[in-house]
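Accompanying notes for the structure given below.
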Amino acid sequence: MRESKGRFKFYNANPRNLVRSADCVFRALALALDVSWEEALEQLTEVAIKVKDAPNSDRVIEEFLKKRGYQKEKQMRKADNTKYTTDEFCKKMNEGVYVIRVAKHVSVIKDGFIYDTWDCRYKTVGNYWKIK
């Protein structure tokens, strides 16, 4: 098992415990929505078929969350207009559950901690959704 450090907690919902797979969306949404990895994959696949795109595409993620009543929030900026790293976002948004976009990746923050298979605390947070 990987090591948890600081605000990073190792988390892997993949049923085969694969770490190097392109399933970050399924892992993140499984934890954020309190469903299994398989349920997240099935639900995203249903949306993907309707919009004719891959289950882990931006368009499918956005439509999936929108249908469930979650509003996409724009990238947060600090007073000096600089962007938040994932670590800084965790400290600021330290209560609740958030699905976040970072470069080519989706992750989840729960009560100020990032849950993922790798430590992306140094990455810049893009758009995000407040789940709980």
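Chain labels run A, B, ... following the order of the structure tokens; each chain numbers its residues from 1, and ligands are numbered from 1 in the order shown.
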Please report as JSON lines every residue of segment 33-81 of chain A lying within 12 Å of segment 88-91 of chain A, along with the nearest atom pair and their distance in Å (one decimal), using only C-alpha atoms.
```
{"residue": "A:Gln75", "atom": "CA", "partner": "A:Phe89", "partner_atom": "CA", "distance": 10.5}
{"residue": "A:Met76", "atom": "CA", "partner": "A:Phe89", "partner_atom": "CA", "distance": 8.7}
{"residue": "A:Arg77", "atom": "CA", "partner": "A:Phe89", "partner_atom": "CA", "distance": 10.1}
{"residue": "A:Lys78", "atom": "CA", "partner": "A:Glu88", "partner_atom": "CA", "distance": 10.2}
```
Can I get the selection written as a compact mmCIF listing (two decimals), in the first residue's frame, with C-alpha atoms?
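Ended up saving to out_17.txt:
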```
# COMPACT_ATOMS: atom_id res chain seq x y z
CA GLN A 75 -11.55 27.79 -10.56
CA MET A 76 -10.96 29.70 -7.32
CA ARG A 77 -8.42 32.48 -7.22
CA LYS A 78 -6.66 34.15 -4.30
```
If you run DSSP on the backbone here, which positions in segment 47-112 of chain A get alpha helix (DSSP H)? Please write them as a list in words.
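The residues of segment 47-112 of chain A classed as alpha helix (DSSP H) are Val47, Ala48, Ile49, Lys50, Val51, Asp58, Arg59, Val60, Ile61, Glu62, Glu63, Phe64, Leu65, Lys66, Lys67, Thr86, Asp87, Glu88, Phe89, Cys90, Lys91 and Lys92 of chain A.
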Determine, counting only C-alpha atoms, which protein, DNA and RNA residues have an atom within 9 Å of an atom of segment 50-65 of chain A; residues of the same chain fewer than 2 positions away are not included. Present the result as a PDB file with C-alpha atoms, in the first residue's frame.
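For reference, around_24.pdb as written:
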```pdb
ATOM      1  CA  ALA A  22      -7.360   5.409 -16.234  1.00  0.00           C
ATOM      2  CA  ASP A  23     -10.145   5.178 -13.670  1.00  0.00           C
ATOM      3  CA  CYS A  24      -9.604   8.324 -11.588  1.00  0.00           C
ATOM      4  CA  VAL A  25     -13.126   9.545 -12.384  1.00  0.00           C
ATOM      5  CA  PHE A  26     -14.720   6.310 -11.172  1.00  0.00           C
ATOM      6  CA  LEU A  41     -18.663   3.225 -13.806  1.00  0.00           C
ATOM      7  CA  GLU A  42     -22.159   1.975 -14.728  1.00  0.00           C
ATOM      8  CA  GLN A  43     -23.816   5.330 -14.051  1.00  0.00           C
ATOM      9  CA  LEU A  44     -21.184   7.260 -15.995  1.00  0.00           C
ATOM     10  CA  THR A  45     -21.430   4.778 -18.865  1.00  0.00           C
ATOM     11  CA  GLU A  46     -25.191   5.379 -19.102  1.00  0.00           C
ATOM     12  CA  VAL A  47     -24.557   9.117 -19.499  1.00  0.00           C
ATOM     13  CA  ALA A  48     -21.684   8.439 -21.922  1.00  0.00           C
ATOM     14  CA  LYS A  67     -28.173  15.673 -13.579  1.00  0.00           C
ATOM     15  CA  ARG A  68     -27.686  14.971  -9.880  1.00  0.00           C
ATOM     16  CA  GLY A  69     -27.984  18.644  -8.942  1.00  0.00           C
ATOM     17  CA  TYR A  70     -24.309  19.474  -8.469  1.00  0.00           C
ATOM     18  CA  GLN A  71     -23.204  22.779  -9.921  1.00  0.00           C
ATOM     19  CA  LYS A  72     -19.765  23.173 -11.460  1.00  0.00           C
ATOM     20  CA  TRP A 129     -18.110  20.528  -7.566  1.00  0.00           C
TER      21      TRP A 129
END
```
Could you give me, as number ranges by chain, the residues within 6 Å of segment 10-15 of chain A, counting only C-alpha atoms and dropping anything in the same chain fewer than 6 positions from it?
A: 4, 27, 37, 115-117
Give the strand (DSSP E or B) residues of chain A, as assigned by DSSP on the backbone, as a ChimeraX atom specification.
/A:5,8-10,72-73,77,83,85,97-102,105-110,113-116,124,128-130
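Close contacts of Cys120 of chain A, defined as residues with an atom at most 9 Å away when counting only C-alpha atoms, with chain neighbours fewer than 2 positions off set aside, comprise Phe8, Thr85, Thr86, Asp87, Val102, Ser107, Ile114, Asp116, Trp118, Tyr122, Lys123 and Thr124 of chain A.
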What lies within 8 Å of Arg101 of chain A using only C-alpha atoms, ignoring chain neighbours under 6 positions off, as an NGL selection string?
:A and (107 or 125-128)
